Number of protein chains: 4
Amino acid sequence: MVGSERALRVGFIGAGEQGRANLIPALLQVDSVEIVAVCDRERQRAASLGSLARGAEIFSSPEAMVAASALDAVVMACPPQAHLEVARHVIPKGIHVFVEKPPCVTTSELKSLISLAKEHEVVTGVGVNFRFATPVRRLREVVENELFGQLVHLQIQHPANKPKSPMWESDSTIRSFLLAQAIHAIDLAISFGGELSLATSRHQHADGSVLIHLNLEFTNGLSATLLTGNMFPSFAFEMRAIGSRSNVATLDNLWNLTVIDSGKQGRFSGDGKRWREVWQPSPLDSGYARSGYVGELQAFAQAIRAGTRFEADFEALLPTYHAIDVASESTLEETKRSVANE
Amino acid sequence: MVGSERALRVGFIGAGEQGRANLIPALLQVDSVEIVAVCDRERQRAASLGSLARGAEIFSSPEAMVAASALDAVVMACPPQAHLEVARHVIPKGIHVFVEKPPCVTTSELKSLISLAKEHEVVTGVGVNFRFATPVRRLREVVENELFGQLVHLQIQHPANKPKSPMWESDSTIRSFLLAQAIHAIDLAISFGGELSLATSRHQHADGSVLIHLNLEFTNGLSATLLTGNMFPSFAFEMRAIGSRSNVATLDNLWNLTVIDSGKQGRFSGDGKRWREVWQPSPLDSGYARSGYVGELQAFAQAIRAGTRFEADFEALLPTYHAIDVASESTLEETKRSVANE
Amino acid sequence: MVGSERALRVGFIGAGEQGRANLIPALLQVDSVEIVAVCDRERQRAASLGSLARGAEIFSSPEAMVAASALDAVVMACPPQAHLEVARHVIPKGIHVFVEKPPCVTTSELKSLISLAKEHEVVTGVGVNFRFATPVRRLREVVENELFGQLVHLQIQHPANKPKSPMWESDSTIRSFLLAQAIHAIDLAISFGGELSLATSRHQHADGSVLIHLNLEFTNGLSATLLTGNMFPSFAFEMRAIGSRSNVATLDNLWNLTVIDSGKQGRFSGDGKRWREVWQPSPLDSGYARSGYVGELQAFAQAIRAGTRFEADFEALLPTYHAIDVASESTLEETKRSVANE
Amino acid sequence: MVGSERALRVGFIGAGEQGRANLIPALLQVDSVEIVAVCDRERQRAASLGSLARGAEIFSSPEAMVAASALDAVVMACPPQAHLEVARHVIPKGIHVFVEKPPCVTTSELKSLISLAKEHEVVTGVGVNFRFATPVRRLREVVENELFGQLVHLQIQHPANKPKSPMWESDSTIRSFLLAQAIHAIDLAISFGGELSLATSRHQHADGSVLIHLNLEFTNGLSATLLTGNMFPSFAFEMRAIGSRSNVATLDNLWNLTVIDSGKQGRFSGDGKRWREVWQPSPLDSGYARSGYVGELQAFAQAIRAGTRFEADFEALLPTYHAIDVASESTLEETKRSVANE
C-alpha cells in the first residue's frame with residue numbers, strides 16, 4: 001500500500017498506438033500518479049514517448065527500467081506474450097501491474113499470473129475500459145435502480161472487422177479475435193451478470209470471416225447473448241438490458257442511452273406508451289472519460305492506495321477467459337460448458 | 001346543416017394521384033359520409049374512381065354531377081383553376097365545398113370565394129392535412145401544456161424538390177412552389193401562431209432552383225421562420241417549437257416527436273440534463289390518420305353537421321395567402337409587409 | 001381459377017379491430033376484388049362493417065353468407081378456432097380462404113387444413129403482413145443483391161407487451177403469445193431463410209412475463225435468432241441481416257433501413273468506413289402498403305387468378321408452427337428439435 | 001519565427017475548468033510544444049496546474065512569469081479583461097498569444113489588439129475550437145467537393161442555457177451570451193461564408209431569457225442564419241449546409257454527419273431518393289481532436305514556426321465582433337448593418 005502523501009511512481013511499457021493515443025494521455029490525468037519511466041524495445045520509439053510523458057526516463061529494456069526506477073507500478077500496452085513475461089518479472093518484486101487487454105493468451109497463463117499476484121500481494125489490472133466508460137456507468141445506474149426490476153437479459157452486439165488472421169503466436173484467428181476484440185463485450189456482460197454458470201457458443205464462417213454467437217447464463221438467472229465476429233464493415237457496440245419490470249435500456253455506441261420504461265408518465269402527455277427517454281453526452285465531450293481510459297486507471301491507482309482489489313484484476317477476468325475458451329472451441333455444432341464446475 | 005340521421009352525400013371531383021391515393025380512401029373512412037358520385041373531365045378516369053368508391057355514379061362534368069346528385073358537399077382534388085370554377089358553381093347552390101390545396105391562385109380569387117361562401121352560408125375547406133396529422137396534434141398538446149410555457153418561436157424546415165417550373169397558368173415558379181408545397185408549412189405556422197402581424201421574405205437562386213426564407217411575426221409576440229424551396233434532394237418536414245419555460249419540442253418528418261424539457265427529472269436518473277423524451281408511432285401505423293387526411297375530412301363533415309366553421313376553411317387560409325404574396329414578391333432584397341394593415 | 005374478366009367476389013368475416021382498421025380498408029384497395037358480403041356473429045357489428053364496405057350484404061352466420069353469396073373467396077379476421085371451423089366449411093365448397101394470423105392453434109390442425117386445401121385445390125393465405133411490408137421488400141432487395149454476399153445471419157427483435165394470459169382456449173400464455181405475436185417474426189425469418197433444419201429455444205420468466213429466445217438454422221447454413229416476449233413496454237420490431245461480404249442491413253420499426261457496406265465509397269468522401277446509408281419512407285406515407293396489408297391481399301388475389309400458390313399459404317406456415325412448437329415446449333433448459341426430420 | 005530545432009516554450013495562464021479539462025491536456029498533445037510555466041492569480045490554483053503540466057514552473061503573476069521564463073508564446077483561459085491586459089503586456093515583448101474565447105469585450109479593444117499584434121509581428125489566436133473539430137472539417141470537405149455545388153445557405157442552431165446574467169463587467173446579458181457562447185457559431189458561419197456583407201438580428205425575451213436570430217449575408221451570395229439564446233434546456237449544436245446542386249449536409253452535435261445527395265445512386269438500390277449517407281465517429285473516439293482543441297493549438301504552433309497568420313487570429317475574429325455588435329444592439333425591431341462599409 002502506497003500512502004497518499006506521495007505520487008505513485010509508474011513505469012509505462014509499449015510505444016504503440018494504444019499507449020500513445022489513450023493510455024499515457026489518460027494516465028497523465030490520474031491524480032497523484034507520476035510516469036517516471038517509459039520503455040520500448042525500440043529505443044527510438046521509447047524516446048518518442050518521452051515527449052508525451054515529460055521528465056520520464058527512457059528505457060529500452062523493462063528489466064533495466066525496473067531495476068533503475070523504484071516503481072510502484074508498471075502499466076503496459078504490449079502484445080500478451082510481453083505482458084506475461086514482464087508481469088512474471090515485476091510481480092515478485094512487489095510491483096503492481098496493469099496491462100492493456102489481453103493480459104495473456106491462455107487461461108492457464110492467466111491462472112499462473114493470478115497465483116503469482118496473490119502470493120506477492122500486488123494489485124493487478126486489465127484494460128477493459130468499456131466497464132469504466134461513463135455511458136456504461138450511466139446504464140449501470142439505470143439497471144440497478146429498483147424501478148427497473150431485476151436484470152433478466154443482456155443482449156450485446158460487438159461487430160468488428162479485424163483481426164482476420166491469427167495473432168500472438170496463436171494458430172487460431174477466432175481465439176485471436178476473441179482476445180483482441182470480444183474480450184470487452186464478454187467482460188462487460190460478466191460485470192453486469194455476476195457469477196457465470198454456463199457458456200455456450202457456435203460460429204459461422206463465410207468468405208474467410210467468422211461470426212460468433214456466445215450465450216452466457218448466470219447463477220442468478222440472468223442470461224446474456226453476444227453477437228460478434230470479424231465479418232462486419234466496421235467496429236460498433238450496442239448493449240440492450242431487459243428488466244423484469246418490463247423496462248428496456250439500450251446503449252448505442254457509447255453515445256445514445258435510451259430507456260423505454262413501462263411505467264413512464266410523460267410530463268406533457270399522459271400517454272406513456274411509445275415514449276422513450278434518450279440521453280446523449282455533450283457535443284463537446286472530450287478527453288478519456290467517456291471511453292473509460294481515465295476511469296480504469298484511476299480505479300487501479302485507488303486500489304493500490306487502499307490496498308484492495310481492483311475490480312478488473314487478473315482474477316476478475318478468469319470467467320471471461322473461460323467463456324473465450326468455450327467460444328474458441330466452438331464449431332457449427334454448439335459447444336457448451338458449465339463454467340461453475342471448473 | 002345536415003342532421004345526423006343520414007349520411008352526407010358527397011360528390012368527388014378529380015381522378016389524379018392525390019384523390020386516388022389519399023382523399024377518396026380517407027373519405028371512405030369518415031363516419032356518415034357517402035360518396036354518391038365521382039367525376040373527372042376524362043370519363044375513363046372518372047370510371048376508374050368508381051372501383052374505389054363503389055356504387056358511386058360516374059360523371060365527366062361537374063355541372064352534370066351537381067345537377068343529378070342532390071349533393072350535400074363536393075370534395076375536389078384538381079388544379080386550382082378548376083377548384084375556383086367549380087366552387088363558384090356549387091356554392092350558390094348551397095353545396096359545401098372542400099378542395100385540396102391550393103384552392104386558387106391569387107389572393108383576390110380567395111377573397112371572392114370567401115365572400116361567396118359567406119353569402120350562401122356554406123362550409124368550405126382546404127386540404128391542409130398537416131394540421132390534422134396525428135403527430136402534429138400531439139405536438140400541439142405538448143406546446144399547449146402549461147408547463148411548456150408560452151410558445152416563443154417556431155422553426156420550420158420544408159425542403160422539397162419540385163415544382164421547378166411554373167404551374168397553373170402562373171408565370172412564377174416561386175408562386176407555384178409556394179401554392180403547391182410551402183402552403184402546408186405556412187398554414188401550419190399560422191395555425192400555431194394566431195394573428196399574423198408581419199411577414200418578411202427573401203429568396204436565393206442557384207442552378208435554376210430557389211431557396212425561400214420566410215419570417216412571420218404574430219400579434220402575441222410569437223415568431224416563426226420557414227426555410228423552404230425546390231432546391232433540395234427530396235421532400236422532408238421538420239418543426240421545432242420553443243417555449244418560454246426553456247422547453248423545446250421537435251417533430252421530425254411526422255414520425256419522431258422529441259421533447260427536451262428543462263424541468264425533466266428522469267425516473268432512473270436524477271440528472272435531467274441531456275435527457276430528452278422521444279415518441280414514435282407504432283411500426284405498423286397504417287391508414288390516413290397520421291398524415292392527416294382522415295382528420296381533415298372528418299372535421300369538415302362535423303362542421304357541416306354542426307353548422308359551424310371548419311378550422312381550415314377558405315377564410316382561415318387568407319393570412320397564408322398574404323404570406324405567400326410576400327414570399328412571391330420577395331427578391332434578394334428583403335420584402336416586408338405588415339399583414340395587420342391589410 | 002377466376003378469369004380476369006370480373007372482380008373476385010369476397011365475403012369478409014369478423015368485425016374486430018384488425019378487420020375494420022386494416023384488412024377491409026386494404027381489401028378495398030385491391031384491384032378487381034369486391035366485398036360482396038360481410039359477416040359477424042353479432043349482427044350489429046356485422047352491420048357496422050357495411051358502412052366500410054358499401055353495398056355488401058350483411059350476415060350474422062358464415063354458413064348463411066356462403067350459401068347466399070356465390071363467393072370466390074372468404075377473408076377472415078377472427079379467433080383461430082373460428083378460422084379453423086369456417087375454413088373447414090368453405091374449402092370443400094371450392095372457396096379460397098385467407099385468414100388473419102393465426103390460422104389455428106395446433107400444428108395438427110394446420111396440417112389438416114393443408115390437406116383439405118390440397119384436396120379441394122383452393123388457394124389459402126395467412127395474414128403475415130410483415131412479409132409484404134414495403135420496407136421489408138426493400139430489405140429483401142438489398143440482401144438479395146449479389147454485392148451483399150450470402151445471407152449469413154438474421155437477428156430479429158420483436159418486443160411486445162401482450163398477451164399476458166392464455167387466449168383461444170389454450171392453457172399456455174407462451175403458445176398464445178407465439179401465435180398472436182411472434183408468428184410474424186418467425187414467419188419472416190423463415191421467408192428469408194429457406195428450408196428450416198433446426199429450431200432451439202429457451203425462455204425466462206419474470207414477474208408474470210416471459211422472454212423467449214428462439215434460434216433457427218437453415219439447410220443453406222443461414223442462422224436466425226429471435227428475441228421476443230411479452231415483458232417489454234411496447235411493441236417494436238427490428239431486423240438485422242448480415243451478409244458474407246461484410247455487409248449489414250438493419251430495418252428499424254419498418255421505418256429506417258440502414259445499410260453498412262464494407263465496399264462503400266462515399267460520393268463526397270473517399271473514406272468509406274463509418275459511413276452508412278439510411279432510407280426512410282416519405283413523411284406522408286399513408287395507407288396500407290408500408291404495413292403490408294395491401295401487398296398480402298393483392299398477392300392472394302393474384303394467386304387465385306393465376307391458379308398458383310400464394311407465398312404465405314397454410315403450407316408455407318408449417319415450419320413456423322414447428323418453430324412455435326419448439327418454443328412452446330421450451331423451458332429454462334433448452335429445447336432443440338431437428339425440423340427436417342419431421 | 002521559431003525554428004523547428006527546439007520545442008516552443010509556452011506559458012499557460014488560468015487555472016479554471018476550460019484550462020484544466022481541455023486546453024492544457026490538448027496542449028500536451030501538440031508536437032514540439034513545452035509548457036514551461038503555469039500561472040494563476042491564486043497561487044494554490046496555479047500549483048494545481050503543475051500536476052497536469054509536469055515540470056512547469058508555478059507563478060501567481062503573469063508579469064513575473066513572462067519576466068522569468070523566456071517564453072515563445074502565452075496561452076490563456078481567463079476572463080476577457082485579463083486576456084486584454086496580458087495580451088497588451090506580452091505582445092510588445094514579441095511573445096505570441098493564444099486566448100480562449102472571448103479575447104476581449106468590445107470591438108474597439110479587439111481592433112487595438114490587432115494593431116498591436118501587427119506592429120510587433122506576433123502570431124495571435126482565439127480558441128474557436130468548433131472550426132477545428134474533426135467532424136466540422138469533414139463537413140467542410142463535403143461542401144467543398146465540386147459535386148456539392150456552391151454553398152448557398154448555412155443554417156445553424158446553437159441552443160444554450162447560460163449565461164442568464166451579465167458577465168465580465170458588461171451590463172448586457174445578451175452581449176455576454178454572444179461573447180461566451182454564440183461566438184462559436186458566428187465564427188463558424190463566417191469561416192464557411194467568406195467576406196461578410198450584412199448582418200441583421202432580432203431577439204425575443206421570455207421569462208428572463210433571450211432568443212436571438214442572426215442573419216448573415218456574404219459577398220459571394222451565401223447566406224447564413226443562426227438561432228441561439230439562453231432559453232434552451234441545454235447546449236446543443238447543429239449545422240445544415242445547402243449546396244446549389246440540391247445537396248444538403250447536416251452536422252448534428254459534432255457527432256452525426258448526414259448527407260442527402262440528389263445525385264446519389266445506392267449500391268444496393270437504384271432508387272436514390274430518400275436515401276441519405278450518415279457518418280459517425282468511432283464509439284471509442286477519445287481525446288481532444290473531435291472537439292477541436294488539439295487542432296486549434298496545433299495550427300497556432302505551426303503558424304508560429306512558419307511565420308504565417310493563424311487562421312483564427314484576432315484579425316479573423318473582427319467580422320464576428322461586428323456581427324456580435326449587431327446582435328447586441330438588436331431589439332424586437334430588427335437591426336441591420338452593412339458590415340462591408342465599416
# chains A, B, ... in the order shown; residues from 1 in each chain; ligands from 1
>>> interface_residues(of="chain B", to="chain C", cutoff="7 Å", atoms="only C-alpha atoms", output="ChimeraX atom specification")
/B:28-29,52,54,236,253-255,283-284,286-288,291
>>> select_by_dssp(residues="range 182-331 of chain B", states="strand (DSSP E)", output="ChimeraX atom specification")
/B:196-206,209-218,223-229,238-243,247-252,256-261,275-279
>>> write_last_selection(atoms="C-alpha atoms", output="short mmCIF file (atom, residue, chain, number, x, y, z; two decimals), in the first residue's frame")
data_model
loop_
_atom_site.label_atom_id
_atom_site.label_comp_id
_atom_site.auth_asym_id
_atom_site.auth_seq_id
_atom_site.Cartn_x
_atom_site.Cartn_y
_atom_site.Cartn_z
CA LEU B 196 -50.23 37.30 -38.14
CA SER B 197 -48.80 40.80 -37.93
CA LEU B 198 -45.81 40.84 -40.25
CA ALA B 199 -44.38 38.67 -42.99
CA THR B 200 -40.95 39.18 -44.48
CA SER B 201 -39.19 37.06 -47.02
CA ARG B 202 -36.17 36.77 -49.22
CA HIS B 203 -35.01 34.15 -51.64
CA GLN B 204 -31.84 32.89 -53.23
CA HIS B 205 -31.44 31.36 -56.66
CA ALA B 206 -28.95 28.71 -57.71
CA SER B 209 -33.71 26.35 -58.19
CA VAL B 210 -34.83 28.61 -55.39
CA LEU B 211 -34.38 28.74 -51.65
CA ILE B 212 -37.00 30.72 -49.77
CA HIS B 213 -36.72 32.26 -46.32
CA LEU B 214 -39.96 33.40 -44.76
CA ASN B 215 -40.28 35.09 -41.38
CA LEU B 216 -43.63 35.52 -39.72
CA GLU B 217 -44.47 37.57 -36.66
CA PHE B 218 -47.67 37.33 -34.70
CA SER B 223 -42.26 34.43 -34.36
CA ALA B 224 -41.83 31.74 -36.97
CA THR B 225 -39.23 31.09 -39.62
CA LEU B 226 -39.62 28.84 -42.61
CA LEU B 227 -36.81 27.54 -44.77
CA THR B 228 -38.17 26.02 -47.93
CA GLY B 229 -37.60 25.84 -51.67
CA GLU B 238 -39.40 19.40 -39.55
CA MET B 239 -40.89 21.69 -36.94
CA ARG B 240 -39.22 22.96 -33.80
CA ALA B 241 -41.22 24.77 -31.14
CA ILE B 242 -39.52 26.77 -28.40
CA GLY B 243 -41.40 27.54 -25.22
CA ASN B 247 -38.53 23.73 -23.41
CA VAL B 248 -38.09 22.58 -26.99
CA ALA B 249 -40.29 20.19 -28.94
CA THR B 250 -39.25 18.93 -32.36
CA LEU B 251 -41.30 16.97 -34.85
CA ASP B 252 -39.17 15.23 -37.41
CA ASN B 256 -40.31 11.32 -34.26
CA LEU B 257 -41.51 13.80 -31.68
CA THR B 258 -38.74 14.87 -29.31
CA VAL B 259 -39.22 16.97 -26.20
CA ILE B 260 -36.24 18.48 -24.43
CA ASP B 261 -37.59 19.68 -21.17
CA TRP B 275 -32.16 13.58 -21.38
CA ARG B 276 -34.88 14.02 -23.93
CA GLU B 277 -38.18 12.27 -24.47
CA VAL B 278 -38.90 10.77 -27.84
CA TRP B 279 -42.20 9.46 -29.17
#
>>> atom_distance(atom1="CA of Ala117 in chain C", atom2="CA of His322 in chain C")
19.4 Å
>>> atom_distance(atom1="CA of Gly50 in chain B", atom2="CA of Cys104 in chain B")
26.7 Å
>>> residues_around(residues="Gly14 in chain C", least_positions_apart="5", cutoff="10 Å", atoms="only C-alpha atoms", output="count of residues only")
20
>>> select_by_dssp(residues="range 39-242 of chain C", states="helix (DSSP H, G or I)", output="MDAnalysis selection string")
chainID C and resid 43:50 62:69 80:93 107:120 129:132 134:144 146:148 173:193
>>> residues_around(residues="Thr320 in chain B", least_positions_apart="3", cutoff="7 Å", atoms="only C-alpha atoms", output="ChimeraX atom specification")
/B:183,186-187,317,323-324
>>> residues_around(residues="range 66-70 of chain A", least_positions_apart="3", cutoff="12 Å", atoms="only C-alpha atoms", output="VMD selection string")
chain A and resid 8 to 13 34 to 39 56 to 63 73 to 75 86 to 87 89 to 97
>>> atom_distance(atom1="CA of Leu154 in chain B", atom2="CA of Gly194 in chain B")
12.1 Å
